[in-house]
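Asks: Below you will find the structure I want to go over with you.
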Amino acid sequence: MTMERDDLPTLRALGFEDEELQRLGLWEPGTGGPADLAEAYIRRSKKRDDLATLRAHVRDVSRAAAADGKHIRRLWFEQRSASKAHVRREEFEKATAAVLDGLSKTLYVWKTDRLSRRGMGQVGLLLDEFDKRSARLVSSTEGLDSSKGSRMVFAILSERAREESKDIALRTKTGGDAHKSEGRWPGGVVPFGLRCPKGSGKLEHDPKEYPTARRIAEALMDGDTPAAIAEALNSERIKTRKGKQWRAQTIIHLAQSPSWAGLIPDRERAKDEFGNPLDKWHRGGNPLMGVDGHPIRAGEGVITFAERAVILAKFTARSRPGTAIGDRSRGKRKAATILTGILRCPYCKGAMGNGGRNYRCIARINQGPSVCAGAATLRERADEAMSVMWINHILSLTPESPTLRAIARRWLSYQDPAKESRKRAVGAALDNAAARELRLQKEFFIGGGMEEAQYEALRAELAGQISGLKAELAELSLEADLSPLMDPKGLAALWNVAGIEGQRALLQAALKKVTLLPPKCVGDTTPIMDRLDPDWRDQGGNPAIDAYWDAWANAKTSA
């Protein structure tokens, strides 16, 4: 039986027929040594890059590989921004890792700006690693090959792509600000109960959702709690726009949104530790005020501006400083449990959270018994059992286990946040130094307005900075010591001194989730360790647990 390529589902999703894949050499799995194989990376960053355009990119890359006598081992495709440092590009990382790990010796891209828009800082580091392994980067449409002296051209094009990304961001922001000042809906998800007809830029009532939305608003003004409103809607089987159950937090977010009142929101954009904007915006926010001092309207709202003030005042009256009840200025709460976000309810499969002395089903708390019957277990005994299970599991792993390395990295990040912060700062400084080096070279070789002695002095100074930053970055990137994770006493000591937040970080590095198995009967005396079904990151199913689930399902059926 012929083996299938790992990327065949991706190629078919792009619209390729089997016959064309055979012609392009993308039908059979790649064979041969690393020097004969190559990776291909295709990125879609614009909506106008339709499937026909993407297929043309794949054809160009495939022809370039065939001309070089290379067989594409795998095609990596994703739709991600290449200019934002906070956006993780998993497929890009896998494509470059395949070359760095020695699976192939060539990485093909359609164009340099399809590879990265973060400048020579990122591209230069990648080329350095490729050079160490006698690997190469090839841009099919630009005819560039890093193994044939194209490094300078790659540098210029990557910096040009970086500047273009800044221009795009500026144009987008300017246009968005202009539309908002004119009272046009800025885009994004329209609040429940409203809609924005295409091309109108104005909000209006949605005939299907508005009656329910108005009912929610009137209940809030009458003083009903969001949890009571969610329970009432769920008991009547009224769903959200996405067909899900109502939650108290959903109703709170809805009421706090200026858009629900038909107003343009003036939301604050989240930033990273260096002040760079992220693709995240803080919830709620205030209405955007016009030059006359009044909120700018975007059309109709479910509530009026005055009704919004009444609802928010009722929220404030019920708030308690320093708690989760209505206090939006309290900051992040200190962790109190180790299984919050990890423990799952056996009935609805949803998360279980801190409920005082117990872990309780969050869906049952926020959405009522009509959504989930709910489960609960003593927090102290669940935490103790999970501690023992975690230590036993880690001791059973081999030194090569990726989970051990993930735990070491997670623990290092938690234990030494200053080092991780320094690592990011050094990476940013290296990006900046590489960009300055490129500008210096352009000024000397292209501009011609600099003396050679001055150029050499500046180049030597920059080269020293870059060399030092690379060395520091390499030192900061060294793998953490795994020896404490291989010794029972050392591992127990590590767990005990970690504290709640540290233990949660250690658990999440090794565990996807753990499900609380349902009780066999009222007052079930089964040890809690036998009722916890962990889903470890490096382990398949547990036959004993599977048998428990089967027995429970049979008992429910026969009852």
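Chain identifiers are assigned as A, B, and so on, following the order in which chains appear in the structure tokens; residues are numbered from 1 within each chain, and ligands are numbered from 1 in order of appearance.
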So that I can check the surroundings of segment 511-523 of chain A, please list as a list in words every protein, DNA and RNA residue that reaches within 8 Å of it, counting only C-alpha atoms and ignoring chain neighbours fewer than 6 positions away.
Replies: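 Result of the neighbour search: Ile342, Leu343, Arg344, Cys345, Pro346, Tyr347, Lys349, Ala375, Arg531, Leu532, Asp533, Pro534, Asp535, Trp536, Arg537, Trp549 and Trp552 of chain A.
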Asks: Where in segment 181-242 of chain A does DSSP assign helix (DSSP H, G or I), given as a ChimeraX atom specification?
Replies: /A:181,210-221,226-235
Asks: Just write the chosen residues, N, CA, C and O atoms, as a CSV table (one decimal), in the first residue's frame.
Replies:
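Below is the file result39.csv, written as the result:
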chain,number,residue,atom,x,y,z
A,181,SER,N,-14.8,58.5,14.0
A,181,SER,CA,-15.2,59.9,14.3
A,181,SER,C,-16.5,60.3,13.5
A,181,SER,O,-17.2,61.2,13.9
A,210,TYR,N,-33.2,40.9,18.9
A,210,TYR,CA,-33.5,42.1,19.7
A,210,TYR,C,-34.5,41.8,20.8
A,210,TYR,O,-34.3,42.3,21.9
A,211,PRO,N,-35.6,41.0,20.6
A,211,PRO,CA,-36.5,40.8,21.7
A,211,PRO,C,-35.8,40.1,22.9
A,211,PRO,O,-36.1,40.6,24.1
A,212,THR,N,-34.9,39.2,22.7
A,212,THR,CA,-34.2,38.5,23.8
A,212,THR,C,-33.2,39.5,24.5
A,212,THR,O,-33.1,39.6,25.7
A,213,ALA,N,-32.5,40.3,23.6
A,213,ALA,CA,-31.6,41.3,24.1
A,213,ALA,C,-32.3,42.3,25.0
A,213,ALA,O,-31.8,42.7,26.1
A,214,ARG,N,-33.4,42.8,24.5
A,214,ARG,CA,-34.2,43.8,25.3
A,214,ARG,C,-34.7,43.2,26.6
A,214,ARG,O,-34.7,43.9,27.6
A,215,ARG,N,-35.1,42.0,26.6
A,215,ARG,CA,-35.5,41.3,27.8
A,215,ARG,C,-34.4,41.2,28.8
A,215,ARG,O,-34.6,41.5,30.0
A,216,ILE,N,-33.2,41.0,28.3
A,216,ILE,CA,-32.0,41.0,29.2
A,216,ILE,C,-31.8,42.3,29.8
A,216,ILE,O,-31.6,42.5,31.0
A,217,ALA,N,-31.9,43.4,29.0
A,217,ALA,CA,-31.7,44.7,29.4
A,217,ALA,C,-32.7,45.1,30.5
A,217,ALA,O,-32.3,45.7,31.5
A,218,GLU,N,-34.0,44.8,30.3
A,218,GLU,CA,-35.0,45.2,31.2
A,218,GLU,C,-34.8,44.4,32.6
A,218,GLU,O,-35.1,45.0,33.6
A,219,ALA,N,-34.4,43.2,32.5
A,219,ALA,CA,-34.2,42.4,33.7
A,219,ALA,C,-33.0,43.0,34.5
A,219,ALA,O,-33.1,43.1,35.7
A,220,LEU,N,-32.0,43.5,33.8
A,220,LEU,CA,-30.8,44.1,34.5
A,220,LEU,C,-31.3,45.4,35.2
A,220,LEU,O,-30.9,45.7,36.3
A,221,MET,N,-32.1,46.2,34.5
A,221,MET,CA,-32.6,47.4,35.1
A,221,MET,C,-33.5,47.2,36.2
A,221,MET,O,-33.6,48.0,37.2
A,226,PRO,N,-27.1,38.8,36.8
A,226,PRO,CA,-26.8,38.1,35.6
A,226,PRO,C,-26.9,36.6,35.6
A,226,PRO,O,-27.3,36.0,34.7
A,227,ALA,N,-26.5,36.0,36.8
A,227,ALA,CA,-26.7,34.6,36.9
A,227,ALA,C,-28.1,34.1,36.8
A,227,ALA,O,-28.4,33.1,36.2
A,228,ALA,N,-29.0,34.9,37.5
A,228,ALA,CA,-30.4,34.5,37.4
A,228,ALA,C,-31.0,34.7,36.0
A,228,ALA,O,-31.8,33.9,35.6
A,229,ILE,N,-30.6,35.7,35.3
A,229,ILE,CA,-31.0,35.9,33.9
A,229,ILE,C,-30.5,34.8,33.0
A,229,ILE,O,-31.3,34.2,32.2
A,230,ALA,N,-29.2,34.4,33.2
A,230,ALA,CA,-28.7,33.3,32.4
A,230,ALA,C,-29.4,32.0,32.7
A,230,ALA,O,-29.8,31.2,31.7
A,231,GLU,N,-29.8,31.7,33.9
A,231,GLU,CA,-30.5,30.5,34.3
A,231,GLU,C,-31.9,30.5,33.6
A,231,GLU,O,-32.4,29.5,33.1
A,232,ALA,N,-32.6,31.6,33.7
A,232,ALA,CA,-33.9,31.7,33.1
A,232,ALA,C,-33.9,31.5,31.6
A,232,ALA,O,-34.7,30.7,31.0
A,233,LEU,N,-32.9,32.1,30.9
A,233,LEU,CA,-32.8,31.9,29.4
A,233,LEU,C,-32.5,30.4,29.1
A,233,LEU,O,-33.0,29.8,28.2
A,234,ASN,N,-31.5,29.8,29.9
A,234,ASN,CA,-31.2,28.4,29.6
A,234,ASN,C,-32.3,27.5,29.9
A,234,ASN,O,-32.4,26.5,29.2
A,235,SER,N,-33.1,27.7,30.9
A,235,SER,CA,-34.2,26.9,31.2
A,235,SER,C,-35.3,26.9,30.1
A,235,SER,O,-36.0,25.9,29.9
Asks: What separation in Å, quoted to one decimal, exists between atom CA of Ala429 of chain A and atom CA of Glu91 of chain A?
Replies: 25.3 Å
Asks: Can you pull out the residues contacting Ile252 of chain A? Cut-off 9 Å, using only C-alpha atoms, and skip same-chain residues under 4 positions away; I want them as an MDAnalysis selection string.
Replies: chainID A and resid 226 247:248 256:257 315
Asks: Please produce a file of those selected residues containing N, CA, C and O atoms, as a PDB file, in the first residue's frame.
Replies:
ATOM      1  N   PRO A 226     -27.088  38.802  36.821  1.00  0.00           N
ATOM      2  CA  PRO A 226     -26.754  38.135  35.555  1.00  0.00           C
ATOM      3  C   PRO A 226     -26.888  36.617  35.632  1.00  0.00           C
ATOM      4  O   PRO A 226     -27.313  35.979  34.658  1.00  0.00           O
ATOM      5  N   ARG A 247     -24.164  32.466  29.977  1.00  0.00           N
ATOM      6  CA  ARG A 247     -23.391  32.513  31.201  1.00  0.00           C
ATOM      7  C   ARG A 247     -23.540  33.900  31.825  1.00  0.00           C
ATOM      8  O   ARG A 247     -23.767  34.889  31.124  1.00  0.00           O
ATOM      9  N   ALA A 248     -23.382  33.952  33.138  1.00  0.00           N
ATOM     10  CA  ALA A 248     -23.475  35.245  33.815  1.00  0.00           C
ATOM     11  C   ALA A 248     -22.433  36.213  33.278  1.00  0.00           C
ATOM     12  O   ALA A 248     -22.727  37.405  33.057  1.00  0.00           O
ATOM     13  N   GLN A 256     -21.679  45.842  29.756  1.00  0.00           N
ATOM     14  CA  GLN A 256     -20.592  46.810  29.911  1.00  0.00           C
ATOM     15  C   GLN A 256     -20.105  47.362  28.584  1.00  0.00           C
ATOM     16  O   GLN A 256     -19.373  48.349  28.553  1.00  0.00           O
ATOM     17  N   SER A 257     -20.497  46.756  27.466  1.00  0.00           N
ATOM     18  CA  SER A 257     -20.031  47.208  26.157  1.00  0.00           C
ATOM     19  C   SER A 257     -20.772  48.466  25.712  1.00  0.00           C
ATOM     20  O   SER A 257     -22.009  48.473  25.652  1.00  0.00           O
ATOM     21  N   PHE A 315     -24.569  47.430  38.897  1.00  0.00           N
ATOM     22  CA  PHE A 315     -23.382  46.578  39.024  1.00  0.00           C
ATOM     23  C   PHE A 315     -22.471  47.097  40.131  1.00  0.00           C
ATOM     24  O   PHE A 315     -21.967  46.350  40.961  1.00  0.00           O
TER      25      PHE A 315
END
Asks: Just the residues within 8 Å of Ile42 of chain A, please, counting only C-alpha atoms, with nothing from its chain fewer than 4 positions along; format it as a compact mmCIF listing (two decimals) with N, CA and C atoms, in the first residue's frame.
Replies:
# COMPACT_ATOMS: atom_id res chain seq x y z
N LEU A 54 -3.05 31.17 -3.98
CA LEU A 54 -2.20 30.30 -3.16
C LEU A 54 -1.73 29.09 -3.96
N HIS A 57 1.19 30.12 -5.95
CA HIS A 57 2.39 30.16 -5.13
C HIS A 57 3.01 28.77 -5.00
N VAL A 58 2.16 27.78 -4.75
CA VAL A 58 2.65 26.40 -4.60
C VAL A 58 3.29 25.92 -5.90
N LEU A 75 4.86 20.53 2.58
CA LEU A 75 4.43 21.91 2.40
C LEU A 75 3.76 22.37 3.69
N TRP A 76 4.24 23.52 4.22
CA TRP A 76 3.70 24.09 5.46
C TRP A 76 2.89 25.33 5.09
N PHE A 77 1.62 25.36 5.49
CA PHE A 77 0.74 26.48 5.13
C PHE A 77 0.07 27.03 6.37
N GLU A 78 -0.04 28.38 6.44
CA GLU A 78 -0.79 29.00 7.53
C GLU A 78 -1.22 30.40 7.13
N VAL A 109 10.51 29.55 -0.15
CA VAL A 109 9.40 30.46 0.08
C VAL A 109 9.05 31.11 -1.25
N TRP A 110 7.82 31.57 -1.37
CA TRP A 110 7.42 32.18 -2.64
C TRP A 110 8.07 33.56 -2.81
N ARG A 114 6.77 36.88 2.26
CA ARG A 114 5.94 35.76 2.72
C ARG A 114 6.61 35.02 3.87
Asks: Do you have the atom CA of Gly427 of chain A-atom CA of Lys470 of chain A distance handy?
Replies: 8.5 Å
